[in-house]
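As stored in input_15.txt (compact mmCIF, C-alpha atoms):
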```txt
# COMPACT_ATOMS: atom_id res chain seq x y z
CA MET N 2 130.18 54.91 94.34
CA ILE N 3 129.86 58.14 96.37
CA GLU N 4 128.17 61.22 94.97
CA ALA N 5 128.49 64.65 96.54
CA PHE N 6 126.36 67.71 96.11
CA PHE N 7 127.29 70.95 97.80
CA VAL N 8 124.74 73.30 99.31
CA ILE N 9 125.65 76.68 100.76
CA ILE N 10 123.31 78.68 102.99
CA VAL N 11 123.46 82.34 102.03
CA LEU N 12 121.71 85.59 102.69
CA VAL N 13 118.77 85.51 100.29
CA GLU N 14 118.84 89.22 99.62
CA HIS N 15 119.96 90.82 96.42
CA TYR N 16 120.51 87.97 94.07
CA SER N 17 119.24 86.95 90.67
CA THR N 18 118.47 83.53 89.25
CA ARG N 19 120.42 82.16 86.32
CA THR N 20 119.84 78.95 84.40
CA GLY N 21 122.70 76.50 84.27
CA THR N 22 123.71 72.94 84.95
CA LEU N 23 125.24 71.37 88.03
CA LEU N 24 128.66 69.85 88.02
CA LYS N 25 128.01 66.50 89.62
CA ILE N 26 131.11 65.00 91.16
CA THR N 27 131.00 61.24 91.36
CA PHE N 28 133.86 59.89 93.42
CA TYR N 29 135.47 56.68 92.31
CA CYS N 30 134.21 56.94 88.76
CA PHE N 31 134.14 60.20 86.88
CA CYS N 32 133.07 63.80 86.78
CA ARG N 33 130.09 64.68 84.62
CA ARG N 34 127.77 67.59 84.10
CA ASP N 35 124.07 67.00 84.71
CA GLU N 36 122.18 67.53 81.51
CA LYS N 37 119.05 69.04 83.02
CA PRO N 38 119.29 72.84 83.43
CA ILE N 39 118.36 74.23 86.84
CA ASN N 40 117.87 77.73 88.22
CA ILE N 41 120.84 78.81 90.32
CA PRO N 42 120.71 81.83 92.65
CA THR N 43 123.68 84.10 91.97
CA VAL N 44 124.82 87.06 94.05
CA LEU N 45 124.53 90.44 92.33
CA PRO N 46 127.60 92.70 92.08
CA THR N 47 125.77 95.29 94.21
CA ARG N 48 125.93 92.94 97.16
CA THR N 49 129.46 91.74 96.36
CA PHE N 50 130.62 95.35 96.42
CA LEU N 51 129.37 95.86 99.99
CA GLU N 52 130.59 92.42 101.12
CA LYS N 53 134.13 93.31 100.01
CA ILE N 54 134.05 96.54 102.01
CA PHE N 55 132.91 94.64 105.11
CA LEU N 56 135.41 91.83 104.56
CA LEU N 57 138.31 94.30 104.43
CA SER N 58 137.03 96.21 107.45
CA GLU N 59 136.80 92.95 109.40
CA GLU N 60 140.28 91.90 108.29
CA PHE N 61 141.77 95.17 109.55
CA SER N 62 140.14 94.54 112.93
CA LYS N 63 142.64 91.73 113.47
CA ASP N 64 145.92 92.27 115.28
CA ASN N 65 147.74 90.74 112.32
CA PRO N 66 145.60 91.08 109.18
CA ARG N 67 146.24 88.90 106.14
CA HIS N 68 147.72 90.56 103.09
CA ILE N 69 148.56 87.80 100.62
CA ARG N 70 146.16 87.99 97.66
CA MET N 71 143.97 90.44 99.58
CA SER N 72 144.70 93.54 97.50
CA ARG N 73 142.49 92.04 94.80
CA HIS N 74 139.51 93.18 96.88
CA LEU N 75 140.71 96.79 96.68
CA TYR N 76 141.14 96.33 92.92
CA ASP N 77 137.60 94.93 92.62
CA LEU N 78 136.15 97.79 94.67
CA GLU N 79 137.90 100.31 92.45
CA LYS N 80 136.48 98.64 89.34
CA LEU N 81 132.94 98.54 90.75
CA MET N 82 132.72 101.89 92.54
CA ASP N 83 131.75 103.96 89.48
CA THR N 84 129.45 101.36 87.94
CA GLU N 85 125.69 101.21 88.46
CA TYR N 86 126.31 98.38 90.94
CA GLY N 87 128.67 100.39 93.13
CA LYS N 88 126.48 103.47 93.03
CA ASP N 89 123.31 101.48 93.75
CA ALA N 90 125.00 99.70 96.66
CA LEU N 91 125.74 103.01 98.37
CA LYS N 92 122.13 104.14 97.91
CA ASN N 93 120.57 100.92 99.18
CA ILE N 94 120.53 101.48 102.94
CA ASP N 95 118.27 98.47 103.50
CA LEU N 96 120.74 96.13 101.78
CA TYR N 97 123.67 97.71 103.62
CA SER N 98 121.96 97.11 106.96
CA LYS N 99 120.84 93.56 106.10
CA ILE N 100 124.35 92.50 105.08
CA VAL N 101 125.97 93.94 108.20
CA ASN N 102 123.40 92.29 110.44
CA HIS N 103 123.62 88.99 108.57
CA ARG N 104 127.40 88.95 109.01
CA LYS N 105 127.07 89.89 112.67
CA ASN N 106 124.35 87.38 113.53
CA ASN N 107 125.43 84.43 111.35
CA TYR N 108 129.20 84.70 110.98
CA HIS N 109 130.03 86.65 114.10
CA LEU N 110 133.77 87.21 114.54
CA GLY N 111 134.70 87.95 118.14
CA TYR N 112 137.38 90.46 117.21
CA VAL N 113 135.02 92.60 115.08
CA ASP N 114 133.06 95.55 116.44
CA TYR N 115 130.19 95.52 113.96
CA SER N 116 129.06 98.99 115.01
CA LYS N 117 132.15 100.24 113.16
CA HIS N 118 130.58 99.02 109.90
CA HIS N 119 128.47 102.18 110.03
CA PRO N 120 129.26 104.33 106.95
CA SER N 121 130.51 107.14 109.19
CA THR N 122 133.21 104.94 110.76
CA ILE N 123 133.96 102.01 108.46
CA ALA N 124 137.65 101.63 107.59
CA PHE N 125 138.61 99.29 104.76
CA THR N 126 141.97 100.57 103.56
CA PRO N 127 145.20 99.07 104.90
CA PRO N 128 146.58 100.71 108.05
CA VAL N 129 149.70 102.79 107.47
CA ASP N 130 151.95 100.19 109.09
CA LYS N 131 150.63 97.52 106.65
CA MET N 132 150.84 99.57 103.44
CA GLU N 133 154.18 98.15 102.30
CA LYS N 134 152.94 94.55 102.53
CA TRP N 135 149.76 95.45 100.68
CA ASN N 136 151.72 97.35 98.04
CA ASN N 137 153.91 94.28 97.48
CA ASP N 138 150.85 92.06 97.31
CA TYR N 139 149.27 94.37 94.74
CA ARG N 140 152.44 94.23 92.66
CA ASP N 141 152.24 90.43 92.76
CA MET N 142 148.57 90.57 91.81
CA ILE N 143 149.34 92.77 88.80
CA THR N 144 152.03 90.34 87.68
CA ASN N 145 150.13 87.10 88.20
CA PHE N 146 146.43 87.75 88.53
CA ILE N 147 145.24 91.09 87.17
CA TYR N 148 145.09 91.10 83.39
CA GLU N 149 144.95 94.74 82.47
CA ASP N 150 147.27 96.67 80.17
CA LYS N 151 147.67 99.67 82.46
CA PRO N 152 146.46 98.91 85.97
CA LYS N 153 146.47 101.70 88.50
CA THR N 154 149.47 102.02 90.76
CA PHE N 155 148.98 101.09 94.40
CA ASP N 156 149.05 104.78 95.36
CA GLU N 157 146.34 105.50 92.78
CA LEU N 158 144.32 102.58 94.10
CA ILE N 159 144.56 103.89 97.67
CA LYS N 160 143.48 107.37 96.51
CA ARG N 161 140.42 105.78 94.91
CA MET N 162 139.67 103.94 98.17
CA GLU N 163 139.88 107.28 99.98
CA GLU N 164 137.37 108.62 97.46
CA LEU N 165 135.11 105.63 98.14
CA THR N 166 135.46 106.21 101.89
CA GLY N 167 134.29 109.78 101.28
CA ARG N 168 131.22 108.50 99.45
CA LEU N 169 130.43 106.23 102.39
CA ARG N 170 130.81 109.14 104.82
CA ASP N 171 128.26 111.10 102.77
CA ILE N 172 125.57 108.46 103.32
CA GLU N 173 122.87 109.67 105.68
CA ILE N 174 121.86 106.66 107.69
CA ASP N 175 120.41 105.91 111.12
CA ASP N 176 123.02 105.24 113.80
CA ASN N 177 121.09 102.12 114.81
CA ILE N 178 121.36 100.15 111.56
CA ILE N 179 123.23 97.38 113.36
CA ASP N 180 121.13 95.08 115.54
CA ASN N 181 122.10 95.02 119.20
CA LYS N 182 121.39 91.30 119.56
```

Any chance you could put this one into structure tokens?
Amino acid sequence: MIEAFFVIIVLVEHYSTRTGTLLKITFYCFCRRDEKPINIPTVLPTRTFLEKIFLLSEEFSKDNPRHIRMSRHLYDLEKLMDTEYGKDALKNIDLYSKIVNHRKNNYHLGYVDYSKHHPSTIAFTPPVDKMEKWNNDYRDMITNFIYEDKPKTFDELIKRMEELTGRLRDIEIDDNIIDNK
């Protein structure tokens, strides 16, 4: 019998602890849930909000960015941007800096210029030449993934992302928030 437990190393900033049980996967036999509750660190939406902005910015640094099932991140940003989590994320300069530097130092992608994650320069909306693909993806997401009676149109979603970009531009932050390691 082989048992597997999965451990993920994460940035230990901005999380809360929740009580739950582990799903213990036992190969060869069965799947069962451990009975003993444990404390599980869970990422807060404040951090997720910023991570999505950085993920999209990094994706658009590629010569040929992905688009399939990626518009969901724009949708999530739109849903979070006016909540306490979205507002708090844009006020928390320390968290912003820690996430950028964690991504740069631990998951460094050679094609990403992390200095462009600065609020004055970050770009996380699809480039004009990719809009049609992202629009089609969003349509697919609405049909198969997003369960909302009246979701925003893609154009409305992009306008909201422009509004969010404006909020980022309004952040007063040191130009040296990104480590030069």

Length of the CA of Phe61 in chain N to CA of Ile123 in chain N vector [Å]:
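CA of Ile123 in chain N lies at a distance of 10.4 Å from CA of Phe61 in chain N.
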
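For the set N:Lys63, N:His118, N:Lys37, N:Arg70, the residue with the smallest atom-to-atom gap to Asn136 in chain N is N:Arg70, counting only C-alpha atoms.
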
Please identify every residue of range 65-148 of chain N that has at least one atom no farther than 9 Å from an atom of range 165-172 of chain N, counting only C-alpha atoms, and for each give the shortest atom pair and the distance in Å to one decimal, arranged by chain then increasing number, as a Markdown table.
```
| residue | atom | partner | partner_atom | distance |
| --- | --- | --- | --- | --- |
| N:Leu78 | CA | N:Leu165 | CA | 8.6 |
| N:Glu79 | CA | N:Leu165 | CA | 8.3 |
| N:Met82 | CA | N:Leu165 | CA | 7.1 |
| N:Leu91 | CA | N:Leu169 | CA | 7.0 |
| N:Lys92 | CA | N:Ile172 | CA | 7.7 |
| N:Ile94 | CA | N:Ile172 | CA | 8.6 |
| N:His119 | CA | N:Leu169 | CA | 8.9 |
| N:Pro120 | CA | N:Leu169 | CA | 5.1 |
| N:Ser121 | CA | N:Arg170 | CA | 4.8 |
| N:Thr122 | CA | N:Arg170 | CA | 7.7 |
| N:Ile123 | CA | N:Thr166 | CA | 7.9 |
| N:Ala124 | CA | N:Thr166 | CA | 7.6 |
| N:Phe125 | CA | N:Thr166 | CA | 8.1 |
| N:Thr126 | CA | N:Thr166 | CA | 8.8 |
```

Could you pull out every residue with an atom within 7 Å of (137.9, 93.3, 114.8), file coordinates, counting all atoms listed in the file, and send them as a VMD selection string?
chain N and resid 59 61 to 63 112 to 114

Draw an axis-aligned box tight on the listed atoms of range 67-80 of chain N, then pad every side by 3 Å and write out centre and edge lengths in Å to one decimal as JSON.
```
{"center_x": 142.4, "center_y": 94.1, "center_z": 97.7, "size_x": 18.4, "size_y": 18.5, "size_z": 22.8}
```

Could you state the separation of CA of Tyr115 in chain N and CA of Ile179 in chain N in Å, given to one decimal place?
7.2 Å

Please provide as a PyMOL selection string all residues within 6 Å of Thr47 in chain N, with the sequence filter that same-chain residues fewer than 3 positions apart are discarded (counting all atoms listed in the file).
chain N and resi 50+86-87+90

Given the selection you just returned, output its residues as a file containing C-alpha atoms, formatted as an mmCIF file, keeping the file's coordinate frame.
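Listed below is the output, result_24.cif:
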```cif
data_model
loop_
_atom_site.group_PDB
_atom_site.id
_atom_site.type_symbol
_atom_site.label_atom_id
_atom_site.label_comp_id
_atom_site.auth_asym_id
_atom_site.auth_seq_id
_atom_site.Cartn_x
_atom_site.Cartn_y
_atom_site.Cartn_z
ATOM 1 C CA PHE N 50 130.620 95.350 96.420
ATOM 2 C CA TYR N 86 126.310 98.380 90.940
ATOM 3 C CA GLY N 87 128.670 100.390 93.130
ATOM 4 C CA ALA N 90 125.000 99.700 96.660
#
```

So that I can see what lies close to Asn145 in chain N, please list as a ChimeraX atom specification the residues with an atom at most 12 Å from it, counting only C-alpha atoms and leaving out residues fewer than 6 positions away in the same chain.
/N:70,73,138-139

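Distances from N:Ile174, N:Leu75, N:Leu51, N:Leu57 to Glu157 in chain N were compared using all atoms listed in the file, and the smallest one belongs to N:Leu75.
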
Counting only C-alpha atoms, the option among N:Asp180, N:Glu133, N:Asp64, N:Glu52 closest to Leu96 in chain N
N:Glu52

If you measure from CA of Met142 in chain N to CA of Asp77 in chain N, what distance in Å do you get, rounded to one decimal?
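That distance, rounded to one decimal, is 11.8 Å.
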
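Nearest to Glu173 in chain N of all the residues N:Lys151, N:Val44, N:Asn93, N:Val101 is N:Asn93, based on all atoms listed in the file.
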
Can you pull out the residues contacting Leu158 in chain N? Cut-off 9 Å, using all atoms listed in the file, and skip same-chain residues under 4 positions away; I want them as a PyMOL selection string.
chain N and resi 75-76+79+153-154+162-163

Write out as a VMD selection string which residues come within 9 Å of Lys131 in chain N when counting only C-alpha atoms, dropping same-chain ones fewer than 4 positions away.
chain N and resid 66 68 127 135 to 136

Just the selected residues (C-alpha atoms), exported as an mmCIF file, keeping the file's coordinate frame, please.
```cif
data_model
loop_
_atom_site.group_PDB
_atom_site.id
_atom_site.type_symbol
_atom_site.label_atom_id
_atom_site.label_comp_id
_atom_site.auth_asym_id
_atom_site.auth_seq_id
_atom_site.Cartn_x
_atom_site.Cartn_y
_atom_site.Cartn_z
ATOM 1 C CA PRO N 66 145.600 91.080 109.180
ATOM 2 C CA HIS N 68 147.720 90.560 103.090
ATOM 3 C CA PRO N 127 145.200 99.070 104.900
ATOM 4 C CA TRP N 135 149.760 95.450 100.680
ATOM 5 C CA ASN N 136 151.720 97.350 98.040
#
```

Kindly indicate which residue among N:Asn177, N:Thr49, N:Ser98, N:Asn137 lies nearest to Leu81 in chain N, using all atoms listed in the file for the distances.
N:Thr49
